[in-house]
file entry.pdb (PDB, C-alpha atoms)
ATOM      1  CA  MET A   1     330.006 243.704-253.036
ATOM      2  CA  LYS A   2     329.234 245.379-256.365
ATOM      3  CA  GLY A   3     326.293 245.004-258.714
ATOM      4  CA  SER A   4     325.111 246.208-262.105
ATOM      5  CA  ILE A   5     321.806 246.247-263.993
ATOM      6  CA  LYS A   6     321.298 244.547-267.346
ATOM      7  CA  PHE A   7     318.484 245.926-269.519
ATOM      8  CA  ASN A   8     318.001 245.267-273.244
ATOM      9  CA  GLU A   9     321.507 243.851-273.655
ATOM     10  CA  SER A  10     323.128 246.953-272.154
ATOM     11  CA  LEU A  11     324.904 246.826-268.803
ATOM     12  CA  SER A  12     325.056 249.719-266.350
ATOM     13  CA  GLU A  13     328.200 250.763-264.561
ATOM     14  CA  SER A  14     328.903 248.771-261.422
ATOM     15  CA  PHE A  15     327.805 250.226-258.112
ATOM     16  CA  PRO A  16     328.356 249.176-254.493
ATOM     17  CA  ILE A  17     325.632 247.150-252.765
ATOM     18  CA  LEU A  18     325.415 248.478-249.246
ATOM     19  CA  SER A  19     322.339 246.650-247.945
ATOM     20  CA  GLY A  20     320.519 243.377-248.446
ATOM     21  CA  VAL A  21     319.521 240.272-246.558
ATOM     22  CA  LYS A  22     321.937 237.889-244.902
ATOM     23  CA  GLN A  23     322.053 234.137-245.560
ATOM     24  CA  ASP A  24     320.094 233.191-242.402
ATOM     25  CA  CYS A  25     317.581 236.069-242.570
ATOM     26  CA  VAL A  26     313.927 234.945-242.525
ATOM     27  CA  LEU A  27     313.226 237.393-245.352
ATOM     28  CA  ALA A  28     315.729 235.722-247.727
ATOM     29  CA  PRO A  29     313.586 232.650-248.628
ATOM     30  CA  THR A  30     310.516 234.840-249.075
ATOM     31  CA  LEU A  31     312.328 237.166-251.464
ATOM     32  CA  PHE A  32     313.855 234.224-253.320
ATOM     33  CA  GLY A  33     310.402 232.624-253.595
ATOM     34  CA  ILE A  34     309.042 235.802-255.162
ATOM     35  CA  PHE A  35     312.069 235.956-257.484
ATOM     36  CA  LEU A  36     311.662 232.292-258.509
ATOM     37  CA  SER A  37     307.925 232.766-259.130
ATOM     38  CA  LEU A  38     308.653 235.703-261.431
ATOM     39  CA  LEU A  39     311.321 233.681-263.217
ATOM     40  CA  VAL A  40     308.822 230.864-263.852
ATOM     41  CA  LEU A  41     306.185 233.337-265.097
ATOM     42  CA  TYR A  42     308.763 234.776-267.495
ATOM     43  CA  ALA A  43     309.947 231.326-268.624
ATOM     44  CA  PHE A  44     306.519 229.916-269.400
ATOM     45  CA  TYR A  45     304.744 233.052-270.588
ATOM     46  CA  GLU A  46     302.479 232.256-273.559
ATOM     47  CA  THR A  47     302.979 228.491-273.414
ATOM     48  CA  GLU A  48     300.145 226.061-272.805
ATOM     49  CA  VAL A  49     302.104 222.800-272.538
ATOM     50  CA  GLY A  50     302.213 220.700-269.393
ATOM     51  CA  VAL A  51     299.823 218.362-267.588
ATOM     52  CA  TYR A  52     296.132 219.243-267.438
ATOM     53  CA  ILE A  53     294.098 217.990-264.488
ATOM     54  CA  CYS A  54     290.430 218.341-263.613
ATOM     55  CA  THR A  55     289.805 219.891-260.205
ATOM     56  CA  ARG A  56     286.714 220.602-258.158
ATOM     57  CA  GLY A  57     286.944 223.811-256.186
ATOM     58  CA  ASP A  58     284.538 223.377-253.292
ATOM     59  CA  VAL A  59     284.073 219.608-252.999
ATOM     60  CA  SER A  60     284.248 217.868-249.666
ATOM     61  CA  LEU A  61     285.740 214.396-249.821
ATOM     62  CA  PHE A  62     283.028 213.113-247.519
ATOM     63  CA  ASN A  63     280.122 214.338-249.702
ATOM     64  CA  LEU A  64     280.004 211.671-252.434
ATOM     65  CA  ALA A  65     277.083 213.293-254.279
ATOM     66  CA  ARG A  66     279.073 216.525-254.709
ATOM     67  CA  LEU A  67     282.175 214.570-255.683
ATOM     68  CA  ARG A  68     280.303 212.871-258.545
ATOM     69  CA  ALA A  69     278.697 216.102-259.762
ATOM     70  CA  LYS A  70     279.663 217.265-263.261
ATOM     71  CA  ASN A  71     279.456 220.977-262.469
ATOM     72  CA  LYS A  72     281.954 223.064-260.491
ATOM     73  CA  ALA A  73     284.822 221.336-262.319
ATOM     74  CA  ARG A  74     287.823 223.317-263.560
ATOM     75  CA  ILE A  75     290.741 222.394-265.758
ATOM     76  CA  ALA A  76     294.120 223.298-264.264
ATOM     77  CA  LEU A  77     297.497 223.342-266.022
ATOM     78  CA  ILE A  78     300.464 222.049-264.050
ATOM     79  CA  ARG A  79     303.910 222.320-265.593
ATOM     80  CA  GLU A  80     306.115 223.267-262.651
ATOM     81  CA  MET A  81     306.199 222.604-258.948
ATOM     82  CA  LEU A  82     308.380 224.874-256.845
ATOM     83  CA  PHE A  83     310.045 223.608-253.666
ATOM     84  CA  THR A  84     312.087 226.237-251.819
ATOM     85  CA  ASP A  85     314.970 226.675-254.279
ATOM     86  CA  ASP A  86     314.141 223.640-256.433
ATOM     87  CA  ALA A  87     311.729 223.218-259.322
ATOM     88  CA  ALA A  88     310.160 220.121-260.876
ATOM     89  CA  LEU A  89     308.826 220.227-264.438
ATOM     90  CA  VAL A  90     306.067 217.809-265.497
ATOM     91  CA  ALA A  91     304.778 216.814-268.927
ATOM     92  CA  HIS A  92     303.416 213.843-270.851
ATOM     93  CA  SER A  93     306.088 213.630-273.550
ATOM     94  CA  GLU A  94     309.837 213.899-273.967
ATOM     95  CA  GLU A  95     309.480 216.701-276.522
ATOM     96  CA  VAL A  96     307.410 218.836-274.136
ATOM     97  CA  VAL A  97     309.865 218.309-271.263
ATOM     98  CA  GLN A  98     312.735 219.326-273.541
ATOM     99  CA  LYS A  99     310.830 222.471-274.591
ATOM    100  CA  LEU A 100     310.061 223.344-270.947
ATOM    101  CA  ILE A 101     313.666 222.815-269.795
ATOM    102  CA  GLU A 102     314.958 224.979-272.680
ATOM    103  CA  ARG A 103     312.583 227.797-271.728
ATOM    104  CA  LEU A 104     313.557 227.487-268.048
ATOM    105  CA  ALA A 105     317.286 227.471-268.885
ATOM    106  CA  HIS A 106     316.843 230.581-271.065
ATOM    107  CA  ALA A 107     314.932 232.378-268.272
ATOM    108  CA  CYS A 108     317.601 231.417-265.704
ATOM    109  CA  ASN A 109     320.263 232.811-268.021
ATOM    110  CA  GLU A 110     318.283 236.049-268.453
ATOM    111  CA  PHE A 111     317.801 236.379-264.663
ATOM    112  CA  GLY A 112     321.466 235.611-263.903
ATOM    113  CA  LEU A 113     320.909 232.188-262.306
ATOM    114  CA  THR A 114     322.835 228.998-263.015
ATOM    115  CA  ILE A 115     321.181 225.573-263.163
ATOM    116  CA  SER A 116     323.261 222.961-261.341
ATOM    117  CA  LEU A 117     323.758 220.305-264.020
ATOM    118  CA  LYS A 118     325.105 217.788-261.476
ATOM    119  CA  LYS A 119     321.957 218.026-259.357
ATOM    120  CA  THR A 120     319.439 218.141-262.225
ATOM    121  CA  ASN A 121     317.889 214.741-263.018
ATOM    122  CA  VAL A 122     315.131 213.301-265.167
ATOM    123  CA  MET A 123     312.632 210.766-263.812
ATOM    124  CA  VAL A 124     310.032 209.082-266.040
ATOM    125  CA  GLN A 125     307.179 206.646-265.579
ATOM    126  CA  ASP A 126     305.907 203.904-267.903
ATOM    127  CA  VAL A 127     308.335 204.350-270.792
ATOM    128  CA  SER A 128     310.260 201.676-272.648
ATOM    129  CA  ASN A 129     313.189 203.889-273.685
ATOM    130  CA  ALA A 130     314.919 206.389-271.426
ATOM    131  CA  PRO A 131     314.486 209.958-272.689
ATOM    132  CA  CYS A 132     317.387 212.143-273.767
ATOM    133  CA  ILE A 133     316.817 215.533-272.144
ATOM    134  CA  SER A 134     319.616 218.070-272.312
ATOM    135  CA  ILE A 135     320.492 221.562-271.177
ATOM    136  CA  GLY A 136     322.838 223.044-273.735
ATOM    137  CA  ASN A 137     325.451 220.365-274.499
ATOM    138  CA  HIS A 138     324.897 218.484-271.213
ATOM    139  CA  THR A 139     322.589 215.432-271.246
ATOM    140  CA  LEU A 140     320.716 215.032-267.958
ATOM    141  CA  GLU A 141     320.961 211.791-265.988
ATOM    142  CA  VAL A 142     317.843 209.577-265.926
ATOM    143  CA  VAL A 143     317.181 208.202-262.429
ATOM    144  CA  ASN A 144     314.705 205.705-260.970
ATOM    145  CA  ASP A 145     314.446 207.486-257.625
ATOM    146  CA  PHE A 146     315.864 210.445-255.747
ATOM    147  CA  THR A 147     315.779 211.838-252.252
ATOM    148  CA  TYR A 148     314.157 215.181-251.620
ATOM    149  CA  LEU A 149     313.945 216.674-248.114
ATOM    150  CA  GLY A 150     314.670 213.237-246.634
ATOM    151  CA  SER A 151     311.911 211.429-248.582
ATOM    152  CA  ILE A 152     312.567 208.971-251.387
ATOM    153  CA  ILE A 153     310.534 209.598-254.540
ATOM    154  CA  SER A 154     310.361 206.617-256.882
ATOM    155  CA  ASN A 155     309.394 206.358-260.556
ATOM    156  CA  ASN A 156     307.162 203.329-259.915
ATOM    157  CA  LEU A 157     305.190 205.137-257.171
ATOM    158  CA  SER A 158     306.195 202.463-254.667
ATOM    159  CA  LEU A 159     306.699 203.446-251.049
ATOM    160  CA  ASN A 160     308.896 200.427-250.274
ATOM    161  CA  ALA A 161     312.223 202.276-250.345
ATOM    162  CA  GLU A 162     310.791 205.129-248.255
ATOM    163  CA  LEU A 163     309.274 202.740-245.703
ATOM    164  CA  ASP A 164     312.464 200.668-245.484
ATOM    165  CA  THR A 165     314.508 203.815-244.844
ATOM    166  CA  ARG A 166     312.157 205.127-242.174
ATOM    167  CA  ILE A 167     311.856 201.727-240.450
ATOM    168  CA  GLY A 168     315.655 201.446-240.462
ATOM    169  CA  LYS A 169     315.989 204.877-238.854
ATOM    170  CA  ALA A 170     313.357 204.005-236.245
ATOM    171  CA  THR A 171     315.090 200.695-235.474
ATOM    172  CA  THR A 172     318.406 202.491-235.002
ATOM    173  CA  ALA A 173     316.804 205.056-232.709
ATOM    174  CA  MET A 174     315.119 202.339-230.635
ATOM    175  CA  ALA A 175     318.400 200.416-230.351
ATOM    176  CA  HIS A 176     320.080 203.540-228.953
ATOM    177  CA  LEU A 177     317.258 203.954-226.443
ATOM    178  CA  THR A 178     317.617 200.391-225.113
ATOM    179  CA  LYS A 179     321.364 200.880-224.590
ATOM    180  CA  ARG A 180     320.698 203.915-222.408
ATOM    181  CA  ALA A 181     317.887 202.401-220.345
TER     182      ALA A 181
END
call {"tool": "encode", "arguments": {"input": "entry.pdb", "output": "structure tokens"}}
result
Amino acid sequence: MKGSIKFNESLSESFPILSGVKQDCVLAPTLFGIFLSLLVLYAFYETEVGVYICTRGDVSLFNLARLRAKNKARIALIREMLFTDDAALVAHSEEVVQKLIERLAHACNEFGLTISLKKTNVMVQDVSNAPCISIGNHTLEVVNDFTYLGSIISNNLSLNAELDTRIGKATTAMAHLTKRA
């Protein structure tokens, strides 16, 4: 395998890559996680758009007096959630999501990654018109739910589809057990 280094629009001569990590190596996801974190830092550097939430750092859920206290509160910005080799972007408006996806697509291009347009979807809550989010010339599909790591995530926050799926799997497993017994 050969590689080259791109810096300030100039490309080095190609050189052989003689070492690295294999596909099943336990170090590979760790290194990719570090790489993806750096990509996200680069993509969203100097941007303050996303979803702001109020958090309490040292509050126990069972201490109601501390939970109601006005002090010890912090404001946190959430705009991306990283899951292994996937990322979810969150925002309150279509314009902000479009801006975030453009920045992410630019960073992926700079880092030499390709966004899978077939696997990239948009999910919204409480909107009357479906948004039109695009990467380049490709408009992303708007979905009502999707499956991630075997769990069904729905735009209406209902667990019905997830529960139906899990109950169906449990019923199938129990039926196989009764045939063997």
call {"tool": "residues_around", "arguments": {"input": "entry.pdb", "residues": "Val122 in chain A", "least_positions_apart": "3", "cutoff": "9 Å", "atoms": "only C-alpha atoms", "output": "number ranges by chain"}}
result
A: 131-133, 140-144
call {"tool": "closest_residue", "arguments": {"input": "entry.pdb", "among": "A:Val124, A:Ile34, A:Leu113, A:Met1", "to": "Leu18 in chain A", "atoms": "all atoms listed in the file"}}
result
A:Met1
call {"tool": "closest_residue", "arguments": {"input": "entry.pdb", "among": "A:Ile17, A:Leu39, A:Ile53, A:Ala88", "to": "Gly112 in chain A", "atoms": "all atoms listed in the file"}}
result
A:Leu39
call {"tool": "closest_residue", "arguments": {"input": "entry.pdb", "among": "A:Leu27, A:Leu36, A:Met123, A:Leu177", "to": "Phe83 in chain A", "atoms": "all atoms listed in the file"}}
result
A:Leu36
call {"tool": "resolve_selection", "arguments": {"input": "entry.pdb", "expression": "the PyMOL selection byres ((chain A and resi 43) around 8)", "output": "tab-separated table (two decimals) with C-alpha atoms, in the frame of the given file"}}
result
chain	number	residue	atom	x	y	z
A	39	LEU	CA	311.32	233.68	-263.22
A	40	VAL	CA	308.82	230.86	-263.85
A	41	LEU	CA	306.18	233.34	-265.10
A	42	TYR	CA	308.76	234.78	-267.50
A	44	PHE	CA	306.52	229.92	-269.40
A	45	TYR	CA	304.74	233.05	-270.59
A	103	ARG	CA	312.58	227.80	-271.73
A	104	LEU	CA	313.56	227.49	-268.05
A	106	HIS	CA	316.84	230.58	-271.06
A	107	ALA	CA	314.93	232.38	-268.27
call {"tool": "resolve_selection", "arguments": {"input": "entry.pdb", "expression": "the PyMOL selection byres ((chain A and resi 156-162) around 12)", "output": "list of chain:residue names"}}
result
A:Met123, A:Val124, A:Gln125, A:Asp126, A:Val127, A:Val143, A:Asn144, A:Asp145, A:Phe146, A:Thr147, A:Tyr148, A:Leu149, A:Gly150, A:Ser151, A:Ile152, A:Ile153, A:Ser154, A:Asn155, A:Leu163, A:Asp164, A:Thr165, A:Arg166, A:Ile167, A:Gly168, A:Lys169
call {"tool": "atom_distance", "arguments": {"input": "entry.pdb", "atom1": "CA of Val97 in chain A", "atom2": "CA of Glu80 in chain A"}}
result
10.6 Å
call {"tool": "atom_distance", "arguments": {"input": "entry.pdb", "atom1": "CA of Leu77 in chain A", "atom2": "CA of Cys54 in chain A"}}
result
9.0 Å
call {"tool": "closest_residue", "arguments": {"input": "entry.pdb", "among": "A:Arg74, A:His138, A:Lys2, A:Lys99", "to": "Leu117 in chain A", "atoms": "all atoms listed in the file"}}
result
A:His138
call {"tool": "atom_distance", "arguments": {"input": "entry.pdb", "atom1": "CA of Ile135 in chain A", "atom2": "CA of Glu102 in chain A"}}
result
6.7 Å
call {"tool": "closest_residue", "arguments": {"input": "entry.pdb", "among": "A:Met174, A:Pro29, A:Lys22, A:His92", "to": "Tyr52 in chain A", "atoms": "only C-alpha atoms"}}
result
A:His92
call {"tool": "decode", "arguments": {"input": "entry.pdb", "residues": "range 4-113 of chain A", "atoms": "C-alpha atoms", "output": "mmCIF file, in the first residue's frame"}}
result
data_model
loop_
_atom_site.group_PDB
_atom_site.id
_atom_site.type_symbol
_atom_site.label_atom_id
_atom_site.label_comp_id
_atom_site.auth_asym_id
_atom_site.auth_seq_id
_atom_site.Cartn_x
_atom_site.Cartn_y
_atom_site.Cartn_z
ATOM 1 C CA SER A 4 1.177 10.529 0.459
ATOM 2 C CA ILE A 5 0.820 13.647 2.613
ATOM 3 C CA LYS A 6 -1.279 16.646 1.612
ATOM 4 C CA PHE A 7 -0.314 19.976 3.199
ATOM 5 C CA ASN A 8 -1.421 23.428 2.013
ATOM 6 C CA GLU A 9 -2.681 22.101 -1.321
ATOM 7 C CA SER A 10 0.657 20.454 -2.129
ATOM 8 C CA LEU A 11 1.012 16.679 -2.270
ATOM 9 C CA SER A 12 4.170 14.790 -1.341
ATOM 10 C CA GLU A 13 5.583 11.967 -3.394
ATOM 11 C CA SER A 14 4.005 8.608 -2.660
ATOM 12 C CA PHE A 15 5.768 6.310 -0.232
ATOM 13 C CA PRO A 16 5.170 2.708 0.848
ATOM 14 C CA ILE A 17 3.210 2.084 4.054
ATOM 15 C CA LEU A 18 4.919 -0.797 5.780
ATOM 16 C CA SER A 19 3.086 -0.863 9.116
ATOM 17 C CA GLY A 20 -0.317 -0.045 10.540
ATOM 18 C CA VAL A 21 -3.235 -1.694 12.262
ATOM 19 C CA LYS A 22 -5.277 -4.518 10.809
ATOM 20 C CA GLN A 23 -9.068 -4.456 10.421
ATOM 21 C CA ASP A 24 -9.752 -6.551 13.560
ATOM 22 C CA CYS A 25 -7.054 -4.951 15.747
ATOM 23 C CA VAL A 26 -8.363 -3.556 19.057
ATOM 24 C CA LEU A 27 -6.296 -0.418 18.457
ATOM 25 C CA ALA A 28 -8.089 0.410 15.171
ATOM 26 C CA PRO A 29 -11.357 1.750 16.710
ATOM 27 C CA THR A 30 -9.403 3.753 19.278
ATOM 28 C CA LEU A 31 -7.271 5.399 16.605
ATOM 29 C CA PHE A 32 -10.318 6.023 14.424
ATOM 30 C CA GLY A 33 -12.125 7.557 17.415
ATOM 31 C CA ILE A 34 -9.227 9.947 17.955
ATOM 32 C CA PHE A 35 -9.175 10.733 14.219
ATOM 33 C CA LEU A 36 -12.949 11.359 14.142
ATOM 34 C CA SER A 37 -12.754 13.587 17.236
ATOM 35 C CA LEU A 38 -10.065 15.700 15.577
ATOM 36 C CA LEU A 39 -12.129 15.887 12.399
ATOM 37 C CA VAL A 40 -15.132 17.175 14.375
ATOM 38 C CA LEU A 41 -12.966 19.740 16.206
ATOM 39 C CA TYR A 42 -11.673 20.951 12.840
ATOM 40 C CA ALA A 43 -15.159 21.010 11.286
ATOM 41 C CA PHE A 44 -16.834 23.004 14.034
ATOM 42 C CA TYR A 45 -13.957 25.229 15.113
ATOM 43 C CA GLU A 46 -15.210 28.759 15.860
ATOM 44 C CA THR A 47 -18.900 27.937 15.476
ATOM 45 C CA GLU A 48 -21.395 28.308 18.294
ATOM 46 C CA VAL A 49 -24.493 26.810 16.649
ATOM 47 C CA GLY A 50 -26.209 23.688 17.921
ATOM 48 C CA VAL A 51 -28.452 22.811 20.859
ATOM 49 C CA TYR A 52 -27.763 24.382 24.247
ATOM 50 C CA ILE A 53 -28.779 22.468 27.364
ATOM 51 C CA CYS A 54 -28.531 23.314 31.047
ATOM 52 C CA THR A 55 -26.637 20.737 33.091
ATOM 53 C CA ARG A 56 -25.867 20.334 36.764
ATOM 54 C CA GLY A 57 -22.445 18.881 37.413
ATOM 55 C CA ASP A 58 -22.676 17.280 40.840
ATOM 56 C CA VAL A 59 -26.406 16.741 41.388
ATOM 57 C CA SER A 60 -27.740 13.468 42.683
ATOM 58 C CA LEU A 61 -31.121 12.522 41.274
ATOM 59 C CA PHE A 62 -32.277 11.474 44.718
ATOM 60 C CA ASN A 63 -31.471 14.834 46.383
ATOM 61 C CA LEU A 64 -34.436 16.986 45.303
ATOM 62 C CA ALA A 65 -33.198 20.101 47.129
ATOM 63 C CA ARG A 66 -29.933 20.036 45.148
ATOM 64 C CA LEU A 67 -31.813 19.318 41.932
ATOM 65 C CA ARG A 68 -33.929 22.466 42.373
ATOM 66 C CA ALA A 69 -30.951 24.657 43.288
ATOM 67 C CA LYS A 70 -30.146 27.511 40.894
ATOM 68 C CA ASN A 71 -26.385 27.365 41.423
ATOM 69 C CA LYS A 72 -23.952 24.784 40.033
ATOM 70 C CA ALA A 73 -25.718 24.960 36.657
ATOM 71 C CA ARG A 74 -23.731 25.024 33.414
ATOM 72 C CA ILE A 75 -24.739 25.609 29.830
ATOM 73 C CA ALA A 76 -23.487 22.931 27.438
ATOM 74 C CA LEU A 77 -23.461 23.049 23.632
ATOM 75 C CA ILE A 78 -24.355 19.843 21.820
ATOM 76 C CA ARG A 79 -24.075 19.767 18.045
ATOM 77 C CA GLU A 80 -22.678 16.308 17.341
ATOM 78 C CA MET A 81 -22.907 12.880 18.877
ATOM 79 C CA LEU A 82 -20.296 10.349 17.826
ATOM 80 C CA PHE A 83 -21.096 6.630 17.712
ATOM 81 C CA THR A 84 -18.165 4.434 16.675
ATOM 82 C CA ASP A 85 -17.855 5.441 13.009
ATOM 83 C CA ASP A 86 -21.157 7.337 12.820
ATOM 84 C CA ALA A 87 -22.039 10.905 13.734
ATOM 85 C CA ALA A 88 -25.375 12.577 14.473
ATOM 86 C CA LEU A 89 -25.751 16.348 14.124
ATOM 87 C CA VAL A 90 -28.421 18.177 16.148
ATOM 88 C CA ALA A 91 -29.871 21.671 15.817
ATOM 89 C CA HIS A 92 -33.113 23.600 16.208
ATOM 90 C CA SER A 93 -33.487 24.829 12.628
ATOM 91 C CA GLU A 94 -33.063 23.617 9.071
ATOM 92 C CA GLU A 95 -30.596 26.409 8.279
ATOM 93 C CA VAL A 96 -28.318 25.443 11.179
ATOM 94 C CA VAL A 97 -28.378 21.751 10.219
ATOM 95 C CA GLN A 98 -27.473 22.675 6.643
ATOM 96 C CA LYS A 99 -24.578 24.834 7.899
ATOM 97 C CA LEU A 100 -23.336 22.023 10.177
ATOM 98 C CA ILE A 101 -23.533 19.370 7.433
ATOM 99 C CA GLU A 102 -21.646 21.663 5.012
ATOM 100 C CA ARG A 103 -18.871 22.197 7.563
ATOM 101 C CA LEU A 104 -18.704 18.450 8.288
ATOM 102 C CA ALA A 105 -18.613 17.586 4.567
ATOM 103 C CA HIS A 106 -15.801 20.118 4.015
ATOM 104 C CA ALA A 107 -13.804 18.677 6.949
ATOM 105 C CA CYS A 108 -14.317 15.109 5.665
ATOM 106 C CA ASN A 109 -13.054 16.206 2.259
ATOM 107 C CA GLU A 110 -9.999 17.858 3.851
ATOM 108 C CA PHE A 111 -9.264 14.723 5.934
ATOM 109 C CA GLY A 112 -9.739 12.365 2.965
ATOM 110 C CA LEU A 113 -12.981 10.744 4.164
#
